[in-house]
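> Contents are CSV, N, CA and C atoms; file name final-v4.csv:
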chain,number,residue,atom,x,y,z
A,86,MET,N,17.1,-10.2,21.7
A,86,MET,CA,15.8,-10.3,21.3
A,86,MET,C,15.6,-9.8,19.8
A,87,LYS,N,14.9,-10.6,19.0
A,87,LYS,CA,14.7,-10.2,17.6
A,87,LYS,C,13.5,-9.3,17.4
A,88,THR,N,13.6,-8.4,16.5
A,88,THR,CA,12.5,-7.5,16.1
A,88,THR,C,11.8,-8.1,14.9
A,89,ALA,N,10.7,-7.5,14.5
A,89,ALA,CA,10.0,-7.8,13.3
A,89,ALA,C,10.9,-7.7,12.1
A,90,MET,N,11.7,-6.6,12.1
A,90,MET,CA,12.5,-6.3,10.9
A,90,MET,C,13.7,-7.4,10.9
A,91,ASP,N,14.1,-7.9,12.0
A,91,ASP,CA,15.1,-9.0,12.0
A,91,ASP,C,14.5,-10.2,11.4
A,92,LEU,N,13.3,-10.5,11.7
A,92,LEU,CA,12.6,-11.7,11.1
A,92,LEU,C,12.4,-11.5,9.6
A,93,VAL,N,12.0,-10.3,9.2
A,93,VAL,CA,11.9,-10.1,7.8
A,93,VAL,C,13.2,-10.2,7.1
A,94,ALA,N,14.2,-9.6,7.6
A,94,ALA,CA,15.6,-9.7,7.0
A,94,ALA,C,16.0,-11.2,6.8
A,95,ALA,N,15.8,-12.0,7.9
A,95,ALA,CA,16.1,-13.4,7.8
A,95,ALA,C,15.3,-14.1,6.8
A,96,ALA,N,14.0,-13.8,6.7
A,96,ALA,CA,13.1,-14.4,5.7
A,96,ALA,C,13.5,-14.0,4.3
A,97,LYS,N,13.9,-12.8,4.1
A,97,LYS,CA,14.3,-12.3,2.7
A,97,LYS,C,15.6,-13.0,2.3
A,98,ALA,N,16.4,-13.4,3.2
A,98,ALA,CA,17.6,-14.1,2.9
A,98,ALA,C,17.3,-15.5,2.3
A,99,GLN,N,16.1,-16.0,2.6
A,99,GLN,CA,15.8,-17.4,2.2
A,99,GLN,C,14.8,-17.4,1.0
A,100,VAL,N,14.3,-16.3,0.6
A,100,VAL,CA,13.2,-16.2,-0.3
A,100,VAL,C,13.7,-15.6,-1.7
A,101,ALA,N,13.2,-16.2,-2.8
A,101,ALA,CA,13.5,-15.6,-4.1
A,101,ALA,C,12.6,-14.4,-4.3
A,102,GLU,N,13.2,-13.2,-4.4
A,102,GLU,CA,12.5,-12.0,-4.7
A,102,GLU,C,12.6,-11.6,-6.2
A,103,ILE,N,11.5,-11.3,-6.8
A,103,ILE,CA,11.5,-11.0,-8.2
A,103,ILE,C,11.4,-9.4,-8.3
A,104,PRO,N,12.3,-8.8,-9.1
A,104,PRO,CA,12.1,-7.4,-9.3
A,104,PRO,C,10.8,-7.1,-10.0
A,105,VAL,N,10.2,-5.9,-9.8
A,105,VAL,CA,9.0,-5.5,-10.4
A,105,VAL,C,9.1,-5.6,-11.9
A,106,ALA,N,10.2,-5.3,-12.5
A,106,ALA,CA,10.4,-5.4,-13.9
A,106,ALA,C,10.2,-6.8,-14.5
A,107,ASP,N,10.4,-7.8,-13.7
A,107,ASP,CA,10.3,-9.2,-14.1
A,107,ASP,C,9.0,-9.8,-13.6
A,108,ALA,N,8.2,-9.1,-12.8
A,108,ALA,CA,7.1,-9.7,-12.1
A,108,ALA,C,6.0,-10.2,-13.1
A,109,GLU,N,5.7,-9.4,-14.1
A,109,GLU,CA,4.6,-9.8,-15.0
A,109,GLU,C,4.9,-11.1,-15.7
A,110,ALA,N,6.1,-11.4,-16.1
A,110,ALA,CA,6.5,-12.7,-16.7
A,110,ALA,C,6.4,-13.8,-15.6
A,111,ALA,N,6.8,-13.5,-14.4
A,111,ALA,CA,6.8,-14.5,-13.4
A,111,ALA,C,5.3,-14.8,-13.0
A,112,ILE,N,4.4,-13.8,-13.0
A,112,ILE,CA,3.0,-14.0,-12.8
A,112,ILE,C,2.4,-14.9,-13.9
A,113,ARG,N,2.7,-14.6,-15.1
A,113,ARG,CA,2.2,-15.4,-16.2
A,113,ARG,C,2.6,-16.9,-16.1
A,114,ASP,N,3.8,-17.1,-15.6
A,114,ASP,CA,4.3,-18.5,-15.5
A,114,ASP,C,3.8,-19.2,-14.2
A,115,ALA,N,3.3,-18.4,-13.3
A,115,ALA,CA,2.9,-19.0,-12.0
A,115,ALA,C,1.5,-19.6,-12.1
A,116,ASP,N,1.3,-20.6,-11.2
A,116,ASP,CA,-0.1,-21.2,-11.1
A,116,ASP,C,-1.0,-20.3,-10.2
A,117,VAL,N,-0.4,-19.6,-9.2
A,117,VAL,CA,-1.2,-18.8,-8.3
A,117,VAL,C,-0.5,-17.5,-8.0
A,118,LEU,N,-1.3,-16.4,-8.1
A,118,LEU,CA,-0.8,-15.1,-7.6
A,118,LEU,C,-1.5,-14.8,-6.3
A,119,LEU,N,-0.8,-14.7,-5.3
A,119,LEU,CA,-1.3,-14.6,-3.9
A,119,LEU,C,-1.0,-13.3,-3.2
A,120,ASP,N,-2.1,-12.6,-2.8
A,120,ASP,CA,-2.0,-11.4,-2.0
A,120,ASP,C,-2.1,-11.7,-0.6
A,121,VAL,N,-1.1,-11.4,0.2
A,121,VAL,CA,-1.2,-11.8,1.7
A,121,VAL,C,-1.4,-10.6,2.6
A,122,ARG,N,-1.9,-9.5,1.9
A,122,ARG,CA,-2.3,-8.3,2.7
A,122,ARG,C,-3.6,-8.5,3.4
A,123,GLU,N,-4.0,-7.6,4.2
A,123,GLU,CA,-5.3,-7.7,4.9
A,123,GLU,C,-6.5,-7.5,3.9
A,124,ALA,N,-7.6,-8.0,4.3
A,124,ALA,CA,-8.8,-7.9,3.4
A,124,ALA,C,-9.1,-6.5,2.9
A,125,GLU,N,-9.0,-5.5,3.8
A,125,GLU,CA,-9.3,-4.2,3.4
A,125,GLU,C,-8.3,-3.6,2.4
A,126,GLU,N,-7.1,-4.0,2.6
A,126,GLU,CA,-6.0,-3.6,1.6
A,126,GLU,C,-6.3,-4.2,0.2
A,127,PHE,N,-6.7,-5.5,0.2
A,127,PHE,CA,-7.0,-6.2,-1.0
A,127,PHE,C,-8.2,-5.5,-1.7
A,128,ALA,N,-9.2,-5.2,-0.9
A,128,ALA,CA,-10.5,-4.6,-1.4
A,128,ALA,C,-10.2,-3.2,-2.0
A,129,ALA,N,-9.2,-2.5,-1.5
A,129,ALA,CA,-8.9,-1.2,-2.0
A,129,ALA,C,-8.2,-1.2,-3.4
A,130,GLY,N,-7.6,-2.4,-3.7
A,130,GLY,CA,-6.9,-2.5,-5.0
A,130,GLY,C,-5.9,-3.6,-4.9
A,131,HIS,N,-5.8,-4.4,-6.0
A,131,HIS,CA,-4.9,-5.6,-6.0
A,131,HIS,C,-4.4,-5.9,-7.4
A,132,LEU,N,-3.4,-6.7,-7.5
A,132,LEU,CA,-2.9,-7.1,-8.8
A,132,LEU,C,-4.0,-7.9,-9.5
A,133,PRO,N,-4.3,-7.7,-10.8
A,133,PRO,CA,-5.3,-8.4,-11.5
A,133,PRO,C,-5.0,-9.9,-11.4
A,134,GLY,N,-6.0,-10.7,-11.1
A,134,GLY,CA,-5.9,-12.2,-11.0
A,134,GLY,C,-5.5,-12.7,-9.7
A,135,ALA,N,-5.2,-11.8,-8.7
A,135,ALA,CA,-4.7,-12.2,-7.4
A,135,ALA,C,-5.8,-12.9,-6.6
A,136,VAL,N,-5.4,-13.9,-5.8
A,136,VAL,CA,-6.2,-14.6,-4.8
A,136,VAL,C,-5.8,-14.0,-3.5
A,137,HIS,N,-6.8,-13.8,-2.6
A,137,HIS,CA,-6.4,-13.2,-1.3
A,137,HIS,C,-6.4,-14.3,-0.2
A,138,ALA,N,-5.4,-14.2,0.6
A,138,ALA,CA,-5.3,-15.0,1.9
A,138,ALA,C,-4.4,-14.2,2.8
A,139,SER,N,-5.0,-13.5,3.7
A,139,SER,CA,-4.2,-12.6,4.6
A,139,SER,C,-3.1,-13.4,5.3
A,140,ARG,N,-2.0,-12.8,5.6
A,140,ARG,CA,-0.8,-13.4,6.2
A,140,ARG,C,-1.2,-14.1,7.5
A,141,GLY,N,-2.1,-13.6,8.3
A,141,GLY,CA,-2.5,-14.2,9.6
A,141,GLY,C,-3.2,-15.5,9.4
A,142,LEU,N,-3.8,-15.7,8.3
A,142,LEU,CA,-4.6,-16.9,8.1
A,142,LEU,C,-4.1,-17.8,7.0
A,143,LEU,N,-2.9,-17.4,6.5
A,143,LEU,CA,-2.4,-18.1,5.3
A,143,LEU,C,-2.3,-19.6,5.5
A,144,GLU,N,-1.7,-20.1,6.5
A,144,GLU,CA,-1.5,-21.5,6.7
A,144,GLU,C,-2.8,-22.3,6.8
A,145,PHE,N,-3.8,-21.6,7.4
A,145,PHE,CA,-5.1,-22.3,7.5
A,145,PHE,C,-5.8,-22.3,6.1
A,146,LYS,N,-5.7,-21.2,5.4
A,146,LYS,CA,-6.3,-21.1,4.1
A,146,LYS,C,-5.7,-22.1,3.1
A,147,LEU,N,-4.4,-22.3,3.2
A,147,LEU,CA,-3.7,-23.2,2.3
A,147,LEU,C,-4.1,-24.7,2.7
A,148,SER,N,-4.2,-24.9,4.0
A,148,SER,CA,-4.5,-26.3,4.4
A,148,SER,C,-6.0,-26.6,4.1
A,149,GLY,N,-6.8,-25.6,4.1
A,149,GLY,CA,-8.3,-25.9,3.9
A,149,GLY,C,-8.7,-25.7,2.4
A,150,SER,N,-7.8,-25.5,1.5
A,150,SER,CA,-8.2,-25.3,0.1
A,150,SER,C,-7.6,-26.5,-0.7
A,151,PRO,N,-8.4,-27.5,-1.1
A,151,PRO,CA,-7.9,-28.6,-1.9
A,151,PRO,C,-7.2,-28.2,-3.2
A,152,GLN,N,-7.7,-27.1,-3.8
A,152,GLN,CA,-7.1,-26.7,-5.1
A,152,GLN,C,-5.7,-26.1,-4.9
A,153,LEU,N,-5.3,-25.8,-3.6
A,153,LEU,CA,-4.0,-25.3,-3.3
A,153,LEU,C,-3.1,-26.3,-2.6
A,154,ALA,N,-3.6,-27.6,-2.6
A,154,ALA,CA,-2.9,-28.6,-1.8
A,154,ALA,C,-1.6,-29.1,-2.4
A,155,SER,N,-1.5,-29.1,-3.7
A,155,SER,CA,-0.3,-29.6,-4.4
A,155,SER,C,0.9,-28.7,-4.0
A,156,ARG,N,1.9,-29.3,-3.5
A,156,ARG,CA,3.2,-28.6,-3.1
A,156,ARG,C,4.0,-28.3,-4.4
A,157,ASP,N,3.6,-28.8,-5.5
A,157,ASP,CA,4.3,-28.4,-6.8
A,157,ASP,C,3.8,-27.2,-7.5
A,158,LEU,N,2.7,-26.6,-6.9
A,158,LEU,CA,2.2,-25.4,-7.5
A,158,LEU,C,3.2,-24.3,-7.5
A,159,SER,N,3.2,-23.4,-8.5
A,159,SER,CA,4.1,-22.3,-8.5
A,159,SER,C,3.4,-21.0,-8.0
A,160,PHE,N,3.9,-20.3,-7.0
A,160,PHE,CA,3.3,-19.2,-6.4
A,160,PHE,C,4.1,-17.9,-6.6
A,161,VAL,N,3.5,-16.8,-6.9
A,161,VAL,CA,4.1,-15.5,-6.8
A,161,VAL,C,3.2,-14.8,-5.7
A,162,ILE,N,3.9,-14.3,-4.7
A,162,ILE,CA,3.1,-13.7,-3.6
A,162,ILE,C,3.6,-12.3,-3.4
A,163,TYR,N,2.7,-11.5,-2.8
A,163,TYR,CA,3.1,-10.1,-2.5
A,163,TYR,C,2.3,-9.6,-1.3
A,164,CYS,N,2.8,-8.5,-0.7
A,164,CYS,CA,2.1,-7.7,0.3
A,164,CYS,C,2.3,-6.2,0.0
A,165,LYS,N,2.2,-5.4,0.9
A,165,LYS,CA,2.4,-3.9,0.7
A,165,LYS,C,3.8,-3.6,0.2
A,166,THR,N,4.8,-4.0,1.0
A,166,THR,CA,6.2,-3.6,0.7
A,166,THR,C,7.1,-4.8,0.6
A,167,SER,N,6.7,-6.0,0.9
A,167,SER,CA,7.4,-7.3,0.7
A,167,SER,C,7.8,-7.9,2.0
A,168,GLY,N,7.6,-7.3,3.2
A,168,GLY,CA,7.9,-7.9,4.4
A,168,GLY,C,7.1,-9.1,4.8
A,169,ARG,N,5.7,-8.9,4.8
A,169,ARG,CA,4.8,-10.0,5.1
A,169,ARG,C,4.9,-11.1,4.1
A,170,ALA,N,5.1,-10.7,2.8
A,170,ALA,CA,5.3,-11.8,1.8
A,170,ALA,C,6.5,-12.6,2.0
A,171,ALA,N,7.6,-12.0,2.5
A,171,ALA,CA,8.8,-12.8,2.8
A,171,ALA,C,8.5,-13.8,3.9
A,172,LEU,N,7.8,-13.3,5.0
A,172,LEU,CA,7.5,-14.2,6.1
A,172,LEU,C,6.5,-15.3,5.6
A,173,ALA,N,5.6,-14.9,4.8
A,173,ALA,CA,4.6,-15.9,4.2
A,173,ALA,C,5.4,-17.0,3.4
A,174,ALA,N,6.3,-16.6,2.6
A,174,ALA,CA,7.0,-17.5,1.7
A,174,ALA,C,7.8,-18.5,2.6
A,175,VAL,N,8.4,-18.0,3.6
A,175,VAL,CA,9.2,-18.9,4.5
A,175,VAL,C,8.2,-19.9,5.2
A,176,ALA,N,7.0,-19.5,5.6
A,176,ALA,CA,6.0,-20.4,6.2
A,176,ALA,C,5.6,-21.4,5.1
A,177,MET,N,5.4,-21.0,3.9
A,177,MET,CA,4.9,-21.9,2.8
A,177,MET,C,6.0,-22.9,2.6
A,178,ARG,N,7.3,-22.5,2.6
A,178,ARG,CA,8.4,-23.4,2.4
A,178,ARG,C,8.4,-24.5,3.5
A,179,GLU,N,8.1,-24.0,4.7
A,179,GLU,CA,8.1,-25.0,5.9
A,179,GLU,C,6.9,-25.9,5.7
A,180,MET,N,5.8,-25.5,5.0
A,180,MET,CA,4.7,-26.4,4.8
A,180,MET,C,5.0,-27.3,3.6
A,181,GLY,N,6.1,-27.1,2.9
A,181,GLY,CA,6.4,-28.1,1.8
A,181,GLY,C,6.2,-27.5,0.4
A,182,TYR,N,5.8,-26.2,0.3
A,182,TYR,CA,5.6,-25.7,-1.1
A,182,TYR,C,7.0,-25.4,-1.6
A,183,LEU,N,7.2,-25.8,-2.9
A,183,LEU,CA,8.6,-25.9,-3.4
A,183,LEU,C,8.9,-24.7,-4.3
A,184,ASN,N,7.9,-23.9,-4.8
A,184,ASN,CA,8.1,-22.9,-5.8
A,184,ASN,C,7.3,-21.6,-5.4
A,185,VAL,N,7.9,-20.8,-4.5
A,185,VAL,CA,7.3,-19.6,-4.0
A,185,VAL,C,8.3,-18.5,-4.2
A,186,LYS,N,7.8,-17.4,-4.9
A,186,LYS,CA,8.6,-16.2,-5.1
A,186,LYS,C,7.8,-15.0,-4.6
A,187,SER,N,8.5,-14.0,-4.2
A,187,SER,CA,7.9,-12.8,-3.7
A,187,SER,C,8.3,-11.6,-4.7
A,188,ILE,N,7.3,-10.7,-4.8
A,188,ILE,CA,7.6,-9.5,-5.6
A,188,ILE,C,8.4,-8.4,-4.7
A,189,ALA,N,9.6,-8.1,-5.1
A,189,ALA,CA,10.4,-7.1,-4.4
A,189,ALA,C,9.7,-5.8,-4.3
A,190,GLY,N,9.5,-5.3,-3.1
A,190,GLY,CA,8.8,-4.0,-3.0
A,190,GLY,C,7.3,-4.1,-2.9
A,191,GLY,N,6.8,-5.2,-3.2
A,191,GLY,CA,5.4,-5.5,-3.0
A,191,GLY,C,4.4,-4.7,-3.9
A,192,PHE,N,3.2,-4.5,-3.4
A,192,PHE,CA,2.2,-3.8,-4.1
A,192,PHE,C,2.6,-2.3,-4.3
A,193,ASP,N,3.2,-1.7,-3.4
A,193,ASP,CA,3.6,-0.3,-3.5
A,193,ASP,C,4.6,-0.1,-4.7
A,194,ALA,N,5.6,-1.0,-4.8
A,194,ALA,CA,6.5,-0.9,-6.0
A,194,ALA,C,5.8,-1.2,-7.3
A,195,TRP,N,4.9,-2.2,-7.3
A,195,TRP,CA,4.1,-2.5,-8.5
A,195,TRP,C,3.3,-1.3,-8.9
A,196,ALA,N,2.6,-0.7,-8.0
A,196,ALA,CA,1.7,0.5,-8.4
A,196,ALA,C,2.6,1.7,-8.8
A,197,ALA,N,3.7,1.9,-8.1
A,197,ALA,CA,4.6,3.0,-8.4
A,197,ALA,C,5.2,2.9,-9.8
A,198,ALA,N,5.4,1.6,-10.3
A,198,ALA,CA,5.9,1.4,-11.6
A,198,ALA,C,4.8,1.5,-12.7
A,199,GLY,N,3.6,1.9,-12.3
A,199,GLY,CA,2.5,2.1,-13.3
A,199,GLY,C,1.9,0.8,-13.8
A,200,LYS,N,2.1,-0.3,-13.1
A,200,LYS,CA,1.6,-1.6,-13.5
A,200,LYS,C,0.1,-1.6,-13.2
A,201,PRO,N,-0.7,-2.5,-13.8
A,201,PRO,CA,-2.2,-2.5,-13.6
A,201,PRO,C,-2.6,-2.9,-12.2
A,202,VAL,N,-3.6,-2.2,-11.7
A,202,VAL,CA,-4.2,-2.5,-10.4
A,202,VAL,C,-5.7,-2.7,-10.6
A,203,HIS,N,-6.2,-3.7,-10.1
A,203,HIS,CA,-7.7,-4.0,-10.1
A,203,HIS,C,-8.3,-3.3,-8.9
A,204,LYS,N,-9.2,-2.4,-9.2
A,204,LYS,CA,-10.0,-1.7,-8.1
A,204,LYS,C,-11.4,-2.0,-8.3
A,205,PRO,N,-12.0,-2.8,-7.4
A,205,PRO,CA,-13.4,-3.2,-7.6
A,205,PRO,C,-14.3,-1.9,-7.6
A,206,GLU,N,-15.3,-2.0,-8.4
A,206,GLU,CA,-16.3,-0.9,-8.5
A,206,GLU,C,-17.3,-1.1,-7.4
A,207,LEU,N,-17.6,0.0,-6.7
A,207,LEU,CA,-18.7,-0.1,-5.8
A,207,LEU,C,-20.0,0.1,-6.5
A,208,PRO,N,-21.1,-0.5,-6.0
A,208,PRO,CA,-22.4,-0.3,-6.7
A,208,PRO,C,-22.9,1.1,-6.4
A,209,SER,N,-23.6,1.6,-7.4
A,209,SER,CA,-24.2,2.9,-7.3
A,209,SER,C,-25.7,2.7,-6.9
A,210,PHE,N,-26.1,3.4,-5.8
A,210,PHE,CA,-27.5,3.2,-5.3
A,210,PHE,C,-28.3,4.4,-5.7
A,211,ASP,N,-28.0,5.1,-6.8
A,211,ASP,CA,-28.7,6.3,-7.2
A,211,ASP,C,-30.0,5.9,-7.8
Could I get this structure in the form of structure tokens?


Amino acid sequence: MKTAMDLVAAAKAQVAEIPVADAEAAIRDADVLLDVREAEEFAAGHLPGAVHASRGLLEFKLSGSPQLASRDLSFVIYCKTSGRAALAAVAMREMGYLNVKSIAGGFDAWAAAGKPVHKPELPSFD
């Protein structure tokens, strides 16, 4: 019987992972920066310019978004530590997307490297 970590390891063997040091250039070259974490994780802070589609709804969001229909689009995807992103990248490949890369170490590695994080401002009701 396989565990979640077995599935992640198998996915990572099939996915191009970008080191954090190379991620900014890859993001500039990509058509879409995709955050596959949960909505509350995204709301707490995300990479500038990221589009959100949680891993659990990814296939449905991609299928229902005409602007993401082209299988030639270039994606850089990430999650918290890169496990969900690897699984998402494999699913996207199975859907026919040809250029999907994941950020090694995910959001945590990005933030730990001191890279920019967008944190939405909450309104003040004073």

> Measuring between all atoms listed in the file, which one of A:Asp91, A:Asp116, A:Glu144, A:Glu125 shows the shortest distance to Phe160 (chain A)?

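When distances to Phe160 (chain A) are compared using all atoms listed in the file, the smallest one comes from A:Asp116.
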
> Contacts of Ala194 (chain A) at 8 Å or less, counting all atoms listed in the file, minus same-chain residues fewer than 5 places along, as a PDB file with N, CA and C atoms, in the frame of the given file?


ATOM      1  N   VAL A 105      10.200  -5.900  -9.800  1.00  0.00           N
ATOM      2  CA  VAL A 105       9.000  -5.500 -10.400  1.00  0.00           C
ATOM      3  C   VAL A 105       9.100  -5.600 -11.900  1.00  0.00           C
ATOM      4  N   ALA A 106      10.200  -5.300 -12.500  1.00  0.00           N
ATOM      5  CA  ALA A 106      10.400  -5.400 -13.900  1.00  0.00           C
ATOM      6  C   ALA A 106      10.200  -6.800 -14.500  1.00  0.00           C
ATOM      7  N   CYS A 164       2.800  -8.500  -0.700  1.00  0.00           N
ATOM      8  CA  CYS A 164       2.100  -7.700   0.300  1.00  0.00           C
ATOM      9  C   CYS A 164       2.300  -6.200   0.000  1.00  0.00           C
ATOM     10  N   LYS A 165       2.200  -5.400   0.900  1.00  0.00           N
ATOM     11  CA  LYS A 165       2.400  -3.900   0.700  1.00  0.00           C
ATOM     12  C   LYS A 165       3.800  -3.600   0.200  1.00  0.00           C
ATOM     13  N   THR A 166       4.800  -4.000   1.000  1.00  0.00           N
ATOM     14  CA  THR A 166       6.200  -3.600   0.700  1.00  0.00           C
ATOM     15  C   THR A 166       7.100  -4.800   0.600  1.00  0.00           C
ATOM     16  N   SER A 167       6.700  -6.000   0.900  1.00  0.00           N
ATOM     17  CA  SER A 167       7.400  -7.300   0.700  1.00  0.00           C
ATOM     18  C   SER A 167       7.800  -7.900   2.000  1.00  0.00           C
ATOM     19  N   ILE A 188       7.300 -10.700  -4.800  1.00  0.00           N
ATOM     20  CA  ILE A 188       7.600  -9.500  -5.600  1.00  0.00           C
ATOM     21  C   ILE A 188       8.400  -8.400  -4.700  1.00  0.00           C
ATOM     22  N   ALA A 189       9.600  -8.100  -5.100  1.00  0.00           N
ATOM     23  CA  ALA A 189      10.400  -7.100  -4.400  1.00  0.00           C
ATOM     24  C   ALA A 189       9.700  -5.800  -4.300  1.00  0.00           C
ATOM     25  N   GLY A 199       3.600   1.900 -12.300  1.00  0.00           N
ATOM     26  CA  GLY A 199       2.500   2.100 -13.300  1.00  0.00           C
ATOM     27  C   GLY A 199       1.900   0.800 -13.800  1.00  0.00           C
ATOM     28  N   LYS A 200       2.100  -0.300 -13.100  1.00  0.00           N
ATOM     29  CA  LYS A 200       1.600  -1.600 -13.500  1.00  0.00           C
ATOM     30  C   LYS A 200       0.100  -1.600 -13.200  1.00  0.00           C
TER      31      LYS A 200
END

> From the set A:Ala196, A:Leu207, A:Ala171, A:Leu118, which residue has the shortest atom-to-atom contact distance to Ala101 (chain A), counting all atoms listed in the file?

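Smallest distance to Ala101 (chain A) is found for A:Ala171.
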
> Set the distance at 6.5 Å and use only N, CA and C atoms: which residues neighbour His131 (chain A) once local chain neighbours fewer than 6 positions away are removed? I'd like the list as a PyMOL selection string.

chain A and resi 201-204

> Between A:Val136, A:Val93, A:Ile162, A:Ala110, which residue has the minimum interatomic distance to Met177 (chain A), considering only C-alpha atoms?

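Answer, going by the shortest atom-to-atom distance: A:Ile162.
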
> Kindly indicate which residue among A:Val121, A:Ala111, A:Ala96, A:Ala138 lies nearest to Glu179 (chain A), using only C-alpha atoms for the distances.

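Using only C-alpha atoms, the shortest distance to Glu179 (chain A) belongs to A:Ala96.
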
> Just asking: which residues within region 86-200 of chain A are helix (DSSP H, G or I) according to DSSP, as a PyMOL selection string?

chain A and resi 89-97+105-114+124-129+140-148+151-153+168-179+191-197

> List as a list in words the protein and nucleic acid residues near Leu92 (chain A), meaning an atom at most 8 Å away when only N, CA and C atoms are counted, but skip any in the same chain fewer than 4 places from it.

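Residues meeting the cut-off are Lys87, Thr88, Ala96, Lys97, Ala98, Gly168, Ala171 and Leu172 of chain A.
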
> For the strand (DSSP E) assignment from backbone DSSP, which residues of region 96-204 of chain A qualify? Please present them as a PDB file with N, CA and C atoms, keeping the file's coordinate frame.


ATOM      1  N   ALA A 101      13.200 -16.200  -2.800  1.00  0.00           N
ATOM      2  CA  ALA A 101      13.500 -15.600  -4.100  1.00  0.00           C
ATOM      3  C   ALA A 101      12.600 -14.400  -4.300  1.00  0.00           C
ATOM      4  N   GLU A 102      13.200 -13.200  -4.400  1.00  0.00           N
ATOM      5  CA  GLU A 102      12.500 -12.000  -4.700  1.00  0.00           C
ATOM      6  C   GLU A 102      12.600 -11.600  -6.200  1.00  0.00           C
ATOM      7  N   ILE A 103      11.500 -11.300  -6.800  1.00  0.00           N
ATOM      8  CA  ILE A 103      11.500 -11.000  -8.200  1.00  0.00           C
ATOM      9  C   ILE A 103      11.400  -9.400  -8.300  1.00  0.00           C
ATOM     10  N   VAL A 117      -0.400 -19.600  -9.200  1.00  0.00           N
ATOM     11  CA  VAL A 117      -1.200 -18.800  -8.300  1.00  0.00           C
ATOM     12  C   VAL A 117      -0.500 -17.500  -8.000  1.00  0.00           C
ATOM     13  N   LEU A 118      -1.300 -16.400  -8.100  1.00  0.00           N
ATOM     14  CA  LEU A 118      -0.800 -15.100  -7.600  1.00  0.00           C
ATOM     15  C   LEU A 118      -1.500 -14.800  -6.300  1.00  0.00           C
ATOM     16  N   LEU A 119      -0.800 -14.700  -5.300  1.00  0.00           N
ATOM     17  CA  LEU A 119      -1.300 -14.600  -3.900  1.00  0.00           C
ATOM     18  C   LEU A 119      -1.000 -13.300  -3.200  1.00  0.00           C
ATOM     19  N   ASP A 120      -2.100 -12.600  -2.800  1.00  0.00           N
ATOM     20  CA  ASP A 120      -2.000 -11.400  -2.000  1.00  0.00           C
ATOM     21  C   ASP A 120      -2.100 -11.700  -0.600  1.00  0.00           C
ATOM     22  N   VAL A 136      -5.400 -13.900  -5.800  1.00  0.00           N
ATOM     23  CA  VAL A 136      -6.200 -14.600  -4.800  1.00  0.00           C
ATOM     24  C   VAL A 136      -5.800 -14.000  -3.500  1.00  0.00           C
ATOM     25  N   HIS A 137      -6.800 -13.800  -2.600  1.00  0.00           N
ATOM     26  CA  HIS A 137      -6.400 -13.200  -1.300  1.00  0.00           C
ATOM     27  C   HIS A 137      -6.400 -14.300  -0.200  1.00  0.00           C
ATOM     28  N   SER A 159       3.200 -23.400  -8.500  1.00  0.00           N
ATOM     29  CA  SER A 159       4.100 -22.300  -8.500  1.00  0.00           C
ATOM     30  C   SER A 159       3.400 -21.000  -8.000  1.00  0.00           C
ATOM     31  N   PHE A 160       3.900 -20.300  -7.000  1.00  0.00           N
ATOM     32  CA  PHE A 160       3.300 -19.200  -6.400  1.00  0.00           C
ATOM     33  C   PHE A 160       4.100 -17.900  -6.600  1.00  0.00           C
ATOM     34  N   VAL A 161       3.500 -16.800  -6.900  1.00  0.00           N
ATOM     35  CA  VAL A 161       4.100 -15.500  -6.800  1.00  0.00           C
ATOM     36  C   VAL A 161       3.200 -14.800  -5.700  1.00  0.00           C
ATOM     37  N   ILE A 162       3.900 -14.300  -4.700  1.00  0.00           N
ATOM     38  CA  ILE A 162       3.100 -13.700  -3.600  1.00  0.00           C
ATOM     39  C   ILE A 162       3.600 -12.300  -3.400  1.00  0.00           C
ATOM     40  N   TYR A 163       2.700 -11.500  -2.800  1.00  0.00           N
ATOM     41  CA  TYR A 163       3.100 -10.100  -2.500  1.00  0.00           C
ATOM     42  C   TYR A 163       2.300  -9.600  -1.300  1.00  0.00           C
ATOM     43  N   ASN A 184       7.900 -23.900  -4.800  1.00  0.00           N
ATOM     44  CA  ASN A 184       8.100 -22.900  -5.800  1.00  0.00           C
ATOM     45  C   ASN A 184       7.300 -21.600  -5.400  1.00  0.00           C
ATOM     46  N   VAL A 185       7.900 -20.800  -4.500  1.00  0.00           N
ATOM     47  CA  VAL A 185       7.300 -19.600  -4.000  1.00  0.00           C
ATOM     48  C   VAL A 185       8.300 -18.500  -4.200  1.00  0.00           C
ATOM     49  N   LYS A 186       7.800 -17.400  -4.900  1.00  0.00           N
ATOM     50  CA  LYS A 186       8.600 -16.200  -5.100  1.00  0.00           C
ATOM     51  C   LYS A 186       7.800 -15.000  -4.600  1.00  0.00           C
ATOM     52  N   SER A 187       8.500 -14.000  -4.200  1.00  0.00           N
ATOM     53  CA  SER A 187       7.900 -12.800  -3.700  1.00  0.00           C
ATOM     54  C   SER A 187       8.300 -11.600  -4.700  1.00  0.00           C
ATOM     55  N   ILE A 188       7.300 -10.700  -4.800  1.00  0.00           N
ATOM     56  CA  ILE A 188       7.600  -9.500  -5.600  1.00  0.00           C
ATOM     57  C   ILE A 188       8.400  -8.400  -4.700  1.00  0.00           C
TER      58      ILE A 188
END

> Which residue, A:Ala198, A:Leu183, A:Ala135, A:Leu142, has the smallest gap to Ser155 (chain A) when you use all atoms listed in the file?

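Using all atoms listed in the file, Ser155 (chain A) sits closest to A:Leu183.
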
> As an exercise, work out the distance from atom N of Arg178 (chain A) to atom N of Gln152 (chain A) in Å and give it to one decimal place.

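That distance, rounded to one decimal, is 16.9 Å.
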
> Find the distance between atom N of Ala176 (chain A) and atom C of Arg140 (chain A) and write it in Å to one decimal.

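Atom-to-atom, atom N of Ala176 (chain A) and atom C of Arg140 (chain A) are spaced 10.0 Å apart.
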
> Have a look at CA of Ala94 (chain A) and CA of Asp157 (chain A) and let me know their distance in Å, one decimal.

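According to the coordinates, CA of Ala94 (chain A) and CA of Asp157 (chain A) are separated by 25.8 Å.
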
> Name the residues in contact with Gly141 (chain A) at a cut-off of 12 Å, using only C-alpha atoms, excluding same-chain residues fewer than 5 positions from it; report them as a list in words.

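Near neighbours after the sequence-gap exclusion: Asp120, Val121, Arg122, Glu123, Ala124, Lys146, Leu147, Arg169, Ala170, Leu172, Ala173 and Ala176 of chain A.
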